[in-house]
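A.B. asks: Contents of run-v4.txt (compact mmCIF, C-alpha atoms and all ligand atoms) are below:
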# COMPACT_ATOMS: atom_id res chain seq x y z
CA MET Z 13 -4.85 -25.87 11.79
CA SER Z 14 -2.95 -26.18 8.52
CA ALA Z 15 -4.05 -24.14 5.52
CA ILE Z 16 -1.48 -25.82 3.30
CA SER Z 17 -0.02 -29.24 3.97
CA ILE Z 18 2.79 -30.49 1.78
CA ARG Z 19 4.33 -33.94 2.20
CA ASN Z 20 7.29 -35.35 0.31
CA LEU Z 21 6.51 -33.25 -2.73
CA ASP Z 22 8.49 -33.63 -5.95
CA VAL Z 23 7.97 -31.31 -8.91
CA VAL Z 24 9.61 -32.50 -12.12
CA PHE Z 25 9.24 -30.52 -15.36
CA GLY Z 26 8.99 -32.49 -18.58
CA ASP Z 27 7.98 -35.81 -20.06
CA LYS Z 28 10.43 -38.15 -18.35
CA VAL Z 29 9.00 -37.85 -14.88
CA SER Z 30 9.26 -41.43 -13.66
CA ALA Z 31 12.79 -41.89 -15.03
CA SER Z 32 13.81 -38.64 -13.35
CA LEU Z 33 12.19 -39.70 -10.06
CA ASN Z 34 14.08 -42.99 -10.23
CA LEU Z 35 17.32 -41.11 -10.65
CA LEU Z 36 16.39 -38.88 -7.72
CA ASP Z 37 15.80 -41.99 -5.61
CA GLN Z 38 19.21 -43.27 -6.61
CA GLY Z 39 20.63 -40.12 -5.03
CA LYS Z 40 21.51 -38.31 -8.25
CA THR Z 41 21.73 -34.52 -8.10
CA ARG Z 42 19.62 -32.23 -10.27
CA GLN Z 43 22.53 -31.62 -12.61
CA GLU Z 44 23.38 -35.33 -12.86
CA ILE Z 45 19.77 -36.06 -13.76
CA ILE Z 46 19.87 -33.50 -16.57
CA ASP Z 47 23.24 -34.87 -17.74
CA LEU Z 48 21.73 -38.36 -17.85
CA GLY Z 49 18.92 -37.09 -20.10
CA GLY Z 50 16.31 -36.63 -17.37
CA ASN Z 51 14.15 -33.59 -16.65
CA VAL Z 52 14.65 -30.53 -14.48
CA VAL Z 53 13.72 -31.13 -10.85
CA GLY Z 54 12.03 -28.02 -9.47
CA VAL Z 55 11.23 -29.37 -6.00
CA HIS Z 56 12.56 -32.45 -4.27
CA ASP Z 57 11.02 -34.11 -1.20
CA ALA Z 58 9.52 -30.93 0.26
CA SER Z 59 7.42 -31.29 3.40
CA ILE Z 60 5.94 -28.27 5.12
CA GLU Z 61 2.82 -27.28 7.04
CA VAL Z 62 1.60 -23.70 6.71
CA ALA Z 63 -0.80 -22.79 9.50
CA GLU Z 64 -3.88 -20.66 8.92
CA GLY Z 65 -3.07 -16.97 9.34
CA GLU Z 66 0.70 -17.30 9.07
CA ILE Z 67 3.07 -15.68 6.61
CA CYS Z 68 5.46 -18.37 5.46
CA VAL Z 69 8.38 -17.09 3.41
CA LEU Z 70 10.13 -19.36 0.91
CA MET Z 71 13.69 -18.12 0.73
CA GLY Z 72 16.73 -19.13 -1.25
CA LEU Z 73 19.04 -18.29 -4.12
CA SER Z 74 17.84 -18.00 -7.68
CA GLY Z 75 16.97 -21.43 -9.07
CA SER Z 76 16.59 -23.04 -5.64
CA GLY Z 77 12.96 -23.95 -6.35
CA LYS Z 78 10.94 -21.32 -4.51
CA SER Z 79 8.60 -20.42 -7.38
CA SER Z 80 8.33 -24.08 -8.40
CA LEU Z 81 6.99 -24.91 -4.94
CA LEU Z 82 4.74 -21.85 -4.76
CA ARG Z 83 3.18 -22.52 -8.15
CA ALA Z 84 2.47 -26.13 -7.25
CA VAL Z 85 0.10 -24.87 -4.54
CA ASN Z 86 -2.45 -23.58 -7.06
CA GLY Z 87 -1.79 -26.34 -9.55
CA LEU Z 88 0.24 -24.25 -12.00
CA ASN Z 89 3.11 -26.71 -11.65
CA PRO Z 90 2.83 -30.50 -11.84
CA ILE Z 91 2.77 -32.52 -8.64
CA SER Z 92 4.94 -35.39 -9.78
CA ARG Z 93 4.94 -37.25 -6.47
CA GLY Z 94 3.87 -36.68 -2.88
CA GLU Z 95 0.92 -34.82 -1.48
CA LEU Z 96 -0.18 -31.20 -1.57
CA LEU Z 97 -3.36 -30.40 0.35
CA VAL Z 98 -5.04 -26.99 0.55
CA ARG Z 99 -7.82 -26.13 2.95
CA ASP Z 100 -11.28 -25.44 1.58
CA GLY Z 101 -13.49 -24.73 4.60
CA GLU Z 102 -13.62 -27.90 6.67
CA GLN Z 103 -11.93 -30.14 4.12
CA MET Z 104 -8.50 -30.38 2.56
CA VAL Z 105 -8.37 -30.56 -1.24
CA ASP Z 106 -5.68 -32.70 -2.84
CA ILE Z 107 -4.39 -30.36 -5.56
CA GLY Z 108 -2.53 -33.14 -7.34
CA SER Z 109 -5.53 -35.37 -7.88
CA CYS Z 110 -8.62 -33.11 -7.78
CA ASP Z 111 -10.71 -32.64 -10.94
CA GLU Z 112 -10.66 -29.51 -13.13
CA THR Z 113 -13.81 -28.04 -11.60
CA THR Z 114 -12.41 -28.31 -8.08
CA LEU Z 115 -9.09 -26.84 -9.19
CA ARG Z 116 -10.89 -23.91 -10.84
CA HIS Z 117 -12.93 -23.39 -7.68
CA MET Z 118 -9.73 -23.36 -5.59
CA ARG Z 119 -8.10 -20.84 -7.92
CA THR Z 120 -11.03 -18.46 -8.10
CA ARG Z 121 -12.26 -18.73 -4.50
CA ARG Z 122 -9.54 -19.99 -2.21
CA ILE Z 123 -6.16 -19.02 -3.58
CA SER Z 124 -5.04 -15.70 -5.09
CA MET Z 125 -1.69 -14.87 -6.56
CA VAL Z 126 0.34 -11.65 -6.59
CA PHE Z 127 3.19 -11.45 -9.09
CA GLN Z 128 6.49 -9.60 -9.16
CA ASN Z 129 5.68 -7.76 -12.40
CA PHE Z 130 2.27 -6.59 -11.08
CA ALA Z 131 0.51 -8.28 -14.04
CA LEU Z 132 -2.05 -5.50 -14.46
CA MET Z 133 -4.04 -5.38 -17.67
CA PRO Z 134 -3.07 -2.18 -19.50
CA TRP Z 135 -6.42 -1.73 -21.25
CA LEU Z 136 -8.39 -1.76 -18.00
CA THR Z 137 -8.66 1.03 -15.45
CA VAL Z 138 -7.25 0.52 -11.96
CA LEU Z 139 -10.77 -0.17 -10.68
CA ASP Z 140 -11.52 -2.71 -13.40
CA ASN Z 141 -8.19 -4.44 -12.79
CA VAL Z 142 -9.14 -4.94 -9.15
CA ALA Z 143 -12.67 -6.01 -10.10
CA PHE Z 144 -11.49 -8.41 -12.80
CA GLY Z 145 -11.16 -11.48 -10.60
CA LEU Z 146 -14.59 -10.81 -9.12
CA GLU Z 147 -16.07 -10.88 -12.60
CA MET Z 148 -14.48 -14.31 -13.01
CA GLN Z 149 -16.26 -15.31 -9.80
CA GLY Z 150 -19.54 -14.29 -11.46
CA MET Z 151 -20.22 -11.24 -9.27
CA GLY Z 152 -22.54 -8.55 -10.71
CA LYS Z 153 -21.08 -5.29 -12.05
CA GLN Z 154 -22.29 -2.92 -9.34
CA GLU Z 155 -21.28 -5.20 -6.48
CA ARG Z 156 -17.85 -5.91 -7.87
CA ARG Z 157 -17.13 -2.23 -8.50
CA GLU Z 158 -18.13 -1.40 -4.92
CA LYS Z 159 -15.95 -4.15 -3.56
CA ALA Z 160 -13.01 -3.17 -5.77
CA MET Z 161 -13.37 0.44 -4.58
CA GLU Z 162 -13.36 -0.71 -0.96
CA LYS Z 163 -10.07 -2.60 -1.52
CA LEU Z 164 -8.56 0.37 -3.36
CA GLU Z 165 -9.39 2.50 -0.33
CA MET Z 166 -7.69 -0.09 1.85
CA VAL Z 167 -4.41 0.40 -0.05
CA GLY Z 168 -4.88 4.18 -0.29
CA LEU Z 169 -5.54 4.35 -4.04
CA HIS Z 170 -9.25 5.11 -4.31
CA GLU Z 171 -8.56 8.45 -5.97
CA TRP Z 172 -6.72 6.64 -8.75
CA SER Z 173 -9.52 4.29 -9.68
CA ASP Z 174 -10.07 5.76 -13.18
CA LYS Z 175 -6.41 5.78 -14.16
CA TYR Z 176 -4.57 3.17 -16.20
CA ALA Z 177 -1.60 1.12 -15.01
CA HIS Z 178 0.97 3.12 -17.00
CA GLU Z 179 -0.09 6.29 -15.16
CA LEU Z 180 0.96 4.76 -11.80
CA SER Z 181 4.39 4.28 -10.24
CA GLY Z 182 5.70 0.74 -9.65
CA GLY Z 183 4.81 0.90 -5.95
CA MET Z 184 1.27 2.04 -6.78
CA GLN Z 185 0.87 -0.71 -9.35
CA GLN Z 186 1.89 -3.29 -6.79
CA ARG Z 187 -0.66 -1.82 -4.38
CA VAL Z 188 -3.27 -2.39 -7.08
CA GLY Z 189 -1.99 -5.99 -7.33
CA LEU Z 190 -2.47 -6.34 -3.56
CA ALA Z 191 -5.96 -4.81 -3.72
CA ARG Z 192 -6.86 -7.22 -6.51
CA ALA Z 193 -5.66 -10.21 -4.48
CA PHE Z 194 -7.45 -9.05 -1.32
CA ALA Z 195 -10.66 -8.34 -3.29
CA MET Z 196 -10.95 -12.03 -4.09
CA ASP Z 197 -11.54 -12.76 -0.41
CA SER Z 198 -9.56 -15.94 -0.79
CA ASP Z 199 -8.02 -17.32 2.39
CA ILE Z 200 -4.66 -18.02 0.83
CA LEU Z 201 -2.38 -15.57 -0.96
CA LEU Z 202 0.58 -16.74 -3.01
CA MET Z 203 3.07 -13.93 -3.51
CA ASP Z 204 6.00 -14.42 -5.86
CA GLU Z 205 8.65 -11.80 -5.05
CA PRO Z 206 5.96 -9.13 -5.14
CA PHE Z 207 8.17 -6.28 -3.97
CA SER Z 208 11.51 -7.07 -5.53
CA ALA Z 209 11.07 -4.70 -8.49
CA LEU Z 210 10.51 -1.75 -6.16
CA ASP Z 211 12.99 0.67 -4.68
CA PRO Z 212 13.98 0.04 -1.05
CA LEU Z 213 11.85 2.71 0.59
CA ILE Z 214 8.62 1.79 -1.23
CA ARG Z 215 9.44 -1.85 -0.67
CA SER Z 216 9.77 -1.34 3.06
CA GLN Z 217 6.47 0.59 3.15
CA LEU Z 218 4.65 -2.16 1.28
CA GLN Z 219 6.11 -4.77 3.63
CA ASP Z 220 4.70 -2.80 6.57
CA GLU Z 221 1.34 -2.51 4.81
CA LEU Z 222 1.27 -6.22 4.08
CA ILE Z 223 1.96 -7.08 7.72
CA GLU Z 224 -0.77 -4.68 8.80
CA LEU Z 225 -3.29 -6.00 6.25
CA GLN Z 226 -2.49 -9.57 7.16
CA GLN Z 227 -3.07 -8.86 10.85
CA ARG Z 228 -6.40 -7.26 10.01
CA LEU Z 229 -7.62 -9.84 7.50
CA ASN Z 230 -5.86 -12.95 8.86
CA LYS Z 231 -4.92 -14.42 5.48
CA THR Z 232 -2.51 -17.28 5.04
CA ILE Z 233 0.34 -16.05 2.91
CA LEU Z 234 3.02 -18.02 1.11
CA PHE Z 235 5.60 -15.46 0.06
CA VAL Z 236 8.66 -16.00 -2.12
CA SER Z 237 11.72 -13.86 -1.51
CA HIS Z 238 15.44 -14.09 -2.07
CA ASP Z 239 16.07 -11.48 0.57
CA LEU Z 240 16.54 -12.72 4.14
CA ASP Z 241 15.97 -9.25 5.61
CA GLU Z 242 12.54 -9.22 3.99
CA ALA Z 243 11.87 -12.78 5.15
CA LEU Z 244 12.89 -11.93 8.73
CA LYS Z 245 10.68 -8.86 8.72
CA ILE Z 246 7.47 -10.35 7.43
CA GLY Z 247 7.74 -14.09 8.02
CA THR Z 248 6.00 -15.95 10.82
CA ASN Z 249 8.10 -18.85 9.58
CA ILE Z 250 10.79 -19.11 6.95
CA ALA Z 251 11.54 -22.13 4.75
CA ILE Z 252 14.97 -21.98 3.20
CA MET Z 253 15.46 -23.78 -0.10
CA GLU Z 254 18.66 -25.00 -1.68
CA SER Z 255 18.86 -27.10 -4.87
CA ALA Z 256 15.14 -27.91 -4.91
CA LYS Z 257 15.02 -28.94 -1.24
CA ILE Z 258 13.77 -27.27 1.91
CA ILE Z 259 16.85 -27.38 4.06
CA GLN Z 260 15.62 -25.39 7.06
CA HIS Z 261 12.19 -24.36 8.26
CA GLY Z 262 11.61 -22.35 11.40
CA ARG Z 263 10.89 -19.09 13.12
CA PRO Z 264 13.00 -16.09 12.05
CA GLU Z 265 14.97 -16.09 15.29
CA ASP Z 266 15.71 -19.84 15.00
CA ILE Z 267 17.11 -19.32 11.51
CA VAL Z 268 19.34 -16.47 12.65
CA LEU Z 269 20.54 -18.25 15.78
CA ASN Z 270 20.93 -21.78 14.40
CA PRO Z 271 21.61 -21.84 10.68
CA VAL Z 272 21.81 -25.50 9.64
CA ASN Z 273 24.67 -25.16 7.20
CA HIS Z 274 27.07 -22.80 5.51
CA TYR Z 275 24.51 -21.83 2.85
CA VAL Z 276 22.08 -20.49 5.48
CA GLU Z 277 24.93 -19.01 7.50
CA GLN Z 278 25.95 -16.98 4.45
CA PHE Z 279 22.47 -15.46 4.24
CA VAL Z 280 22.42 -14.77 7.96
CA ALA Z 281 25.85 -13.14 7.86
CA HIS Z 282 24.52 -10.55 5.41
CA THR Z 283 21.41 -9.55 7.31
CA ASN Z 284 20.68 -7.15 10.06
CA PRO Z 285 19.22 -9.41 12.73
CA LEU Z 286 18.60 -6.76 15.38
CA ASN Z 287 14.83 -6.67 14.93
CA VAL Z 288 14.60 -10.44 15.08
CA LEU Z 289 16.93 -11.35 17.89
CA LYS Z 290 15.52 -11.21 21.39
CA GLY Z 291 17.41 -10.31 24.52
CA ARG Z 292 16.85 -13.79 25.94
CA SER Z 293 18.91 -15.44 23.20
CA LEU Z 294 21.95 -13.26 23.69
CA MET Z 295 21.93 -12.17 27.33
CA THR Z 296 24.66 -12.91 29.80
CA GLN Z 297 22.88 -15.00 32.40
CA THR Z 298 22.80 -13.87 36.01
CA SER Z 299 24.74 -16.98 37.05
CA GLU Z 300 27.62 -15.87 34.80
CA LEU Z 301 27.96 -12.46 36.45
CA GLU Z 302 30.84 -11.76 38.77
CA ARG Z 303 29.99 -11.34 42.46
CA LEU Z 304 31.50 -8.76 44.73
CA GLU Z 305 30.57 -9.40 48.34
CA ASP Z 306 26.77 -9.74 48.11
CA MET Z 307 26.42 -7.70 44.89
CA LEU Z 308 26.38 -8.62 41.20
CA VAL Z 309 28.85 -6.72 39.03
CA LEU Z 310 27.39 -5.28 35.83
CA ASN Z 311 30.35 -3.23 34.73
CA ARG Z 312 33.75 -3.64 36.33
CA ASN Z 313 35.20 -0.49 34.71
CA ASP Z 314 32.92 1.93 36.50
CA ASN Z 315 32.00 -0.42 39.31
CA THR Z 316 28.28 -0.64 38.57
CA CYS Z 317 26.60 -3.27 40.74
CA VAL Z 318 23.14 -4.41 41.75
CA SER Z 319 21.93 -6.29 44.78
CA THR Z 320 19.12 -8.79 44.70
CA ASN Z 321 16.97 -10.28 47.43
CA SER Z 322 16.56 -13.99 48.13
CA SER Z 323 14.07 -14.41 45.25
CA GLY Z 324 16.43 -12.80 42.75
CA GLN Z 325 14.61 -9.47 42.54
CA VAL Z 326 16.82 -6.43 42.02
CA VAL Z 327 16.40 -4.20 45.06
CA SER Z 328 19.08 -1.58 44.58
CA ALA Z 329 21.88 -0.44 42.31
CA CYS Z 330 24.97 1.66 42.70
CA ARG Z 331 27.92 3.00 40.76
CA GLN Z 332 31.18 3.64 42.59
CA GLY Z 333 29.28 3.35 45.81
CA LYS Z 334 26.66 5.98 44.89
CA PRO Z 335 23.00 4.92 44.42
CA LEU Z 336 21.74 4.53 40.86
CA ALA Z 337 18.05 4.82 39.96
CA LEU Z 338 16.16 1.80 38.59
CA HIS Z 339 13.43 2.05 35.98
CA HIS Z 340 10.98 -0.56 34.60
CA TRP Z 341 10.59 -0.28 30.82
CA GLN Z 342 7.63 -1.77 28.98
CA GLU Z 343 6.97 -2.35 25.28
CA GLY Z 344 5.49 0.81 23.78
CA GLN Z 345 7.23 3.20 26.18
CA ASN Z 346 9.20 5.91 24.42
CA ILE Z 347 12.89 5.09 24.87
CA SER Z 348 14.01 8.64 24.08
CA GLN Z 349 12.12 9.83 27.15
CA LEU Z 350 13.79 7.44 29.59
CA PRO Z 351 15.78 9.22 32.28
CA GLU Z 352 19.51 9.18 31.48
CA ASP Z 353 22.00 7.52 33.81
CA THR Z 354 19.42 4.99 35.01
CA LEU Z 355 19.46 1.21 35.12
CA VAL Z 356 16.59 0.01 32.99
CA MET Z 357 14.84 -3.31 33.56
CA ALA Z 358 12.96 -4.97 30.70
CA THR Z 359 11.59 -8.38 29.75
CA PRO Z 360 13.90 -10.95 28.08
CA ASP Z 361 11.64 -10.73 25.00
CA ILE Z 362 12.89 -7.24 24.25
CA SER Z 363 14.32 -6.95 20.71
CA MET Z 364 18.04 -6.33 20.48
CA ARG Z 365 17.34 -3.10 18.60
CA GLN Z 366 15.32 -1.71 21.51
CA ALA Z 367 17.91 -2.92 24.02
CA ILE Z 368 20.67 -1.13 22.11
CA GLU Z 369 18.59 2.04 22.06
CA ILE Z 370 18.15 1.81 25.83
CA ARG Z 371 21.87 1.23 26.32
CA TYR Z 372 22.58 4.27 24.11
CA ARG Z 373 20.11 6.41 26.03
CA THR Z 374 21.08 5.43 29.56
CA GLY Z 375 24.74 4.54 29.23
CA HIS Z 376 24.23 1.29 31.17
CA PRO Z 377 23.63 -2.41 30.53
CA VAL Z 378 19.99 -3.48 30.34
CA LEU Z 379 18.67 -5.73 33.10
CA LEU Z 380 16.31 -8.52 32.04
CA ASN Z 381 13.67 -9.61 34.50
CA GLU Z 382 11.36 -12.56 34.33
CA LYS Z 383 8.63 -12.86 36.97
CA GLU Z 384 10.37 -10.03 38.79
CA SER Z 385 13.72 -11.84 39.13
CA LEU Z 386 16.88 -10.92 37.32
CA VAL Z 387 17.61 -13.59 34.68
CA GLY Z 388 20.39 -11.82 32.81
CA ILE Z 389 21.84 -8.61 31.46
CA LEU Z 390 22.63 -7.21 28.04
CA SER Z 391 25.96 -5.46 28.08
CA ASP Z 392 28.22 -4.13 25.33
CA LYS Z 393 29.74 -7.55 24.73
CA ASP Z 394 26.28 -9.00 23.95
CA PHE Z 395 25.47 -6.08 21.65
CA TYR Z 396 28.71 -6.49 19.72
CA HIS Z 397 28.00 -10.20 19.31
CA ALA Z 398 24.60 -9.43 17.81
CA LEU Z 399 25.96 -6.73 15.50
CA LEU Z 400 28.88 -8.84 14.34
CA GLY Z 401 26.81 -11.97 13.80
CA LYS Z 402 28.75 -13.94 16.40
CA HIS Z 403 25.58 -15.21 17.98
CA PHE Z 404 25.06 -18.35 15.94
CA SER Z 405 28.09 -20.09 17.34
CA SER Z 406 28.54 -19.91 21.08
CA THR Z 407 32.11 -21.14 20.66
CA ASN Z 408 33.22 -18.32 18.37
CA ALA Z 409 31.09 -15.86 20.35
CA SER Z 410 33.19 -16.20 23.47
CA ALA Z 411 36.42 -16.34 21.46
CA ALA Z 412 35.64 -13.17 19.56
CA ILE Z 413 35.53 -10.61 22.32
N1 LIG A 501 7.99 -24.47 -16.18
C1 LIG A 501 9.25 -24.90 -16.08
N2 LIG A 501 9.77 -25.76 -16.99
C2 LIG A 501 11.03 -26.21 -16.87
N3 LIG A 501 11.87 -25.88 -15.88
C3 LIG A 501 11.42 -25.03 -14.96
C4 LIG A 501 10.09 -24.49 -15.00
N4 LIG A 501 9.93 -23.65 -13.94
C5 LIG A 501 11.10 -23.69 -13.24
N5 LIG A 501 11.99 -24.50 -13.86
C6 LIG A 501 13.34 -24.82 -13.41
O1 LIG A 501 13.26 -25.24 -12.05
C7 LIG A 501 14.38 -24.76 -11.31
C8 LIG A 501 13.89 -23.96 -10.13
O2 LIG A 501 13.33 -22.75 -10.63
P1 LIG A 501 12.46 -21.76 -9.76
O3 LIG A 501 11.91 -20.71 -10.66
O4 LIG A 501 11.53 -22.53 -8.94
O5 LIG A 501 13.57 -21.15 -8.81
P2 LIG A 501 13.48 -19.89 -7.87
O6 LIG A 501 14.14 -20.28 -6.59
O7 LIG A 501 12.09 -19.40 -7.78
O8 LIG A 501 14.40 -18.88 -8.65
P3 LIG A 501 14.23 -17.29 -8.90
O9 LIG A 501 14.53 -16.62 -7.60
O10 LIG A 501 15.29 -17.00 -9.92
O11 LIG A 501 12.85 -17.05 -9.40
C9 LIG A 501 15.23 -23.95 -12.28
O12 LIG A 501 16.26 -24.77 -12.76
C10 LIG A 501 14.25 -23.60 -13.39
O13 LIG A 501 14.92 -23.47 -14.63
What would you get if you wrote out this structure as structure tokens?
C.D. replies:
Amino acid sequence: MSAISIRNLDVVFGDKVSASLNLLDQGKTRQEIIDLGGNVVGVHDASIEVAEGEICVLMGLSGSGKSSLLRAVNGLNPISRGELLVRDGEQMVDIGSCDETTLRHMRTRRISMVFQNFALMPWLTVLDNVAFGLEMQGMGKQERREKAMEKLEMVGLHEWSDKYAHELSGGMQQRVGLARAFAMDSDILLMDEPFSALDPLIRSQLQDELIELQQRLNKTILFVSHDLDEALKIGTNIAIMESAKIIQHGRPEDIVLNPVNHYVEQFVAHTNPLNVLKGRSLMTQTSELERLEDMLVLNRNDNTCVSTNSSGQVVSACRQGKPLALHHWQEGQNISQLPEDTLVMATPDISMRQAIEIRYRTGHPVLLNEKESLVGILSDKDFYHALLGKHFSSTNASAAI
């Protein structure tokens, strides 16, 4: 079920909206519209569904329209054309046409926002900052202080409740921002580059905490970032924006494997996709393996082979004619405790990072089994392709190595 449903949305800033929309319809670019005396187009023809409980990351270069789209969701930006619906219980509220009272209700009860610059009020204590939104909801003092304390505990800052913002580090202030947003109990969180002012280690910790909190509380989160690594880490889906348009929307692995154009490819080329890519997408399929008599060759250099039965199940393995042990690995099993010099079998959904760790530990390719039959292997060639970003073009992948 969608929490946010956006169809053909245009956001135009200024007083010449219909003239600017006409120019857009004539195919003029943003810059041409400005040159012709029109307004700035923040978002053009955006359509996206954000499901309940997902983290959708809006990604793109500076000025691509991410914040313009995000801020339209709680009515901070004009909806010049198109439809923007936000769930309120069983119904969807049309943010563009609802009355002031409904919009206020949506902002205080349904949608919370977390900003990049923390936006804490310096004259209030940490506790009162978290409780502030609850006061706006009309909650009594005792109740809101208890609730604020509970959320501060959730982000590990309950001992700092009496301090003021300037006494906290940037990472702590952003935790307060998160506690404040979660205290509102709204179903939807809008987060505008909330971690980009933080140093990398704190940023990574807060990303982990956000994922954990989201899993626990099942919020719908629309998150703006200009960092694809961050988007790949936290996003259920990623929408990539370029010049006010959403040019690609999909799962992290889809974006990494099939960038739609050079702009997206450039982002992908500068990320570390190992956590996102799955073995299945990069494996050498069983049918592509060389056969030697009735065995499949895994590594020609040291003559490592496996034999399978009629249903494709691996039954034995050998290297240079000597038997090699087989081991089933499952998610959660400690890779550093795997026996060395063993052929490990895993599921095709294994992440490339884990597969590389197994290869490093055992010294052998990783076998991928589905329903007990061998569907492919991950060997050094596949790992190099992942590391070098050769995976998004099968043509250059085979040419490269
Ligand atoms: N309130 C506004 N009034 C006029 N123009 C605006 C307004 N807000 C955004 N814009 C313009 O809309 C375009 C898109 O800006 P937006 O802030 O959405 O981009 P962004 O992708 O979020 O960029 P950044 O990563 O730098 O925050 C820019 O040209 C910007 O100047």
A.B. asks: Do you know which residues are at most 10 Å from Ile267 of chain Z counting all atoms listed in the file, after dropping those on the same chain fewer than 2 positions away, and could you put them as a ChimeraX atom specification?
C.D. replies: /Z:240,244,249-252,260-265,269-272,276-277,279-280,288,404
A.B. asks: Please identify the residues whose atoms come within 6 Å of ligand LIG 501 (chain A), using all atoms listed in the file, and report them as a ChimeraX atom specification.
C.D. replies: /Z:25,52,54,73-80
A.B. asks: Go through segment 245-340 of chain Z residue by residue and, counting all atoms listed in the file, keep those with an atom at most 8 Å from segment 369-385 of chain Z; for each kept residue give the shortest atom pair and its distance in Å to one decimal, ordered by chain and increasing number, as a Markdown table.
C.D. replies:
| residue | atom | partner | partner_atom | distance |
| --- | --- | --- | --- | --- |
| Z:Gly291 | CA | Z:Leu380 | CA | 7.8 |
| Z:Leu310 | CA | Z:Pro377 | CA | 7.1 |
| Z:Asn311 | CA | Z:Pro377 | CA | 8.0 |
| Z:Ser323 | CA | Z:Ser385 | CA | 6.6 |
| Z:Gly324 | CA | Z:Ser385 | CA | 4.6 |
| Z:Gln325 | CA | Z:Ser385 | CA | 4.2 |
| Z:Val326 | CA | Z:Ser385 | CA | 6.9 |
A.B. asks: Selected residues, C-alpha atoms, written as a CSV table (one decimal), in the coordinates of the input, please.
C.D. replies:
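Wrote it out as again_2.csv, contents follow:
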chain,number,residue,atom,x,y,z
Z,291,GLY,CA,17.4,-10.3,24.5
Z,310,LEU,CA,27.4,-5.3,35.8
Z,311,ASN,CA,30.4,-3.2,34.7
Z,323,SER,CA,14.1,-14.4,45.2
Z,324,GLY,CA,16.4,-12.8,42.8
Z,325,GLN,CA,14.6,-9.5,42.5
Z,326,VAL,CA,16.8,-6.4,42.0
A.B. asks: Any idea what's packed within 7 Å of Val236 of chain Z, counting all atoms listed in the file, ignoring anything in its chain fewer than 6 positions away? Could you give it as a PyMOL selection string?
C.D. replies: chain Z and resi 69-71+78-79+203-205
A.B. asks: Could you name the residues that touch Ser109 of chain Z at 9 Å or less, counting only C-alpha atoms, but leaving out those on the same chain fewer than 3 positions away, as number ranges by chain?
C.D. replies: Z: 91, 105-106
A.B. asks: Can those selected residues be exported to a file as a compact mmCIF listing (two decimals), in the coordinates of the input so that it contains C-alpha atoms?
C.D. replies:
# COMPACT_ATOMS: atom_id res chain seq x y z
CA ILE Z 91 2.77 -32.52 -8.64
CA VAL Z 105 -8.37 -30.56 -1.24
CA ASP Z 106 -5.68 -32.70 -2.84
A.B. asks: Which polymer residues have any atom within 12 Å of an atom of Arg42 of chain Z, counting all atoms listed in the file, with same-chain residues fewer than 2 positions away left out, as a ChimeraX atom specification?
C.D. replies: /Z:23-25,32-33,35-40,44-56,75-77,254-257
A.B. asks: Just to confirm, what's the straight-line distance from atom CA of Leu355 of chain Z to atom CA of Ser391 of chain Z in Å (one decimal)?
C.D. replies: 11.7 Å
A.B. asks: Which residue, Z:Phe194, Z:Gln149, Z:Val387, Z:Ile214, has the smallest gap to Ser181 of chain Z when you use only C-alpha atoms?
C.D. replies: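 Checking each of Z:Phe194, Z:Gln149, Z:Val387, Z:Ile214 against Ser181 of chain Z, counting only C-alpha atoms, the winner is Z:Ile214.
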A.B. asks: Which is closest to Arg19 of chain Z among Z:Arg122, Z:Arg157, Z:Ile258, Z:Leu139, if we use only C-alpha atoms?
C.D. replies: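 Closest to Arg19 of chain Z, using only C-alpha atoms: Z:Ile258.
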A.B. asks: Which residues are near Glu66 of chain Z? Cut-off 8 Å, only C-alpha atoms, ignore same chain within fewer than 4 positions. Put them as a list in words.
C.D. replies: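 Selected residues are Val62, Asn230, Lys231, Thr232, Ile233, Gly247, Thr248 and Asn249 of chain Z.
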A.B. asks: Compute the distance from (-6.2, -20.5, 9.4) to each atom, counting only C-alpha atoms, keep the residues with any atom at most 7 Å away, and return them as a JSON list (two decimals) with C-alpha atoms, keeping the file's coordinate frame; use the coordinates of the file.
C.D. replies:
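Wrote result39.json, looks like this:
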[["chain", "number", "residue", "atom", "x", "y", "z"],
["Z", 13, "MET", "CA", -4.85, -25.87, 11.79],
["Z", 14, "SER", "CA", -2.95, -26.18, 8.52],
["Z", 15, "ALA", "CA", -4.05, -24.14, 5.52],
["Z", 63, "ALA", "CA", -0.80, -22.79, 9.50],
["Z", 64, "GLU", "CA", -3.88, -20.66, 8.92],
["Z", 65, "GLY", "CA", -3.07, -16.97, 9.34],
["Z", 232, "THR", "CA", -2.51, -17.28, 5.04]]
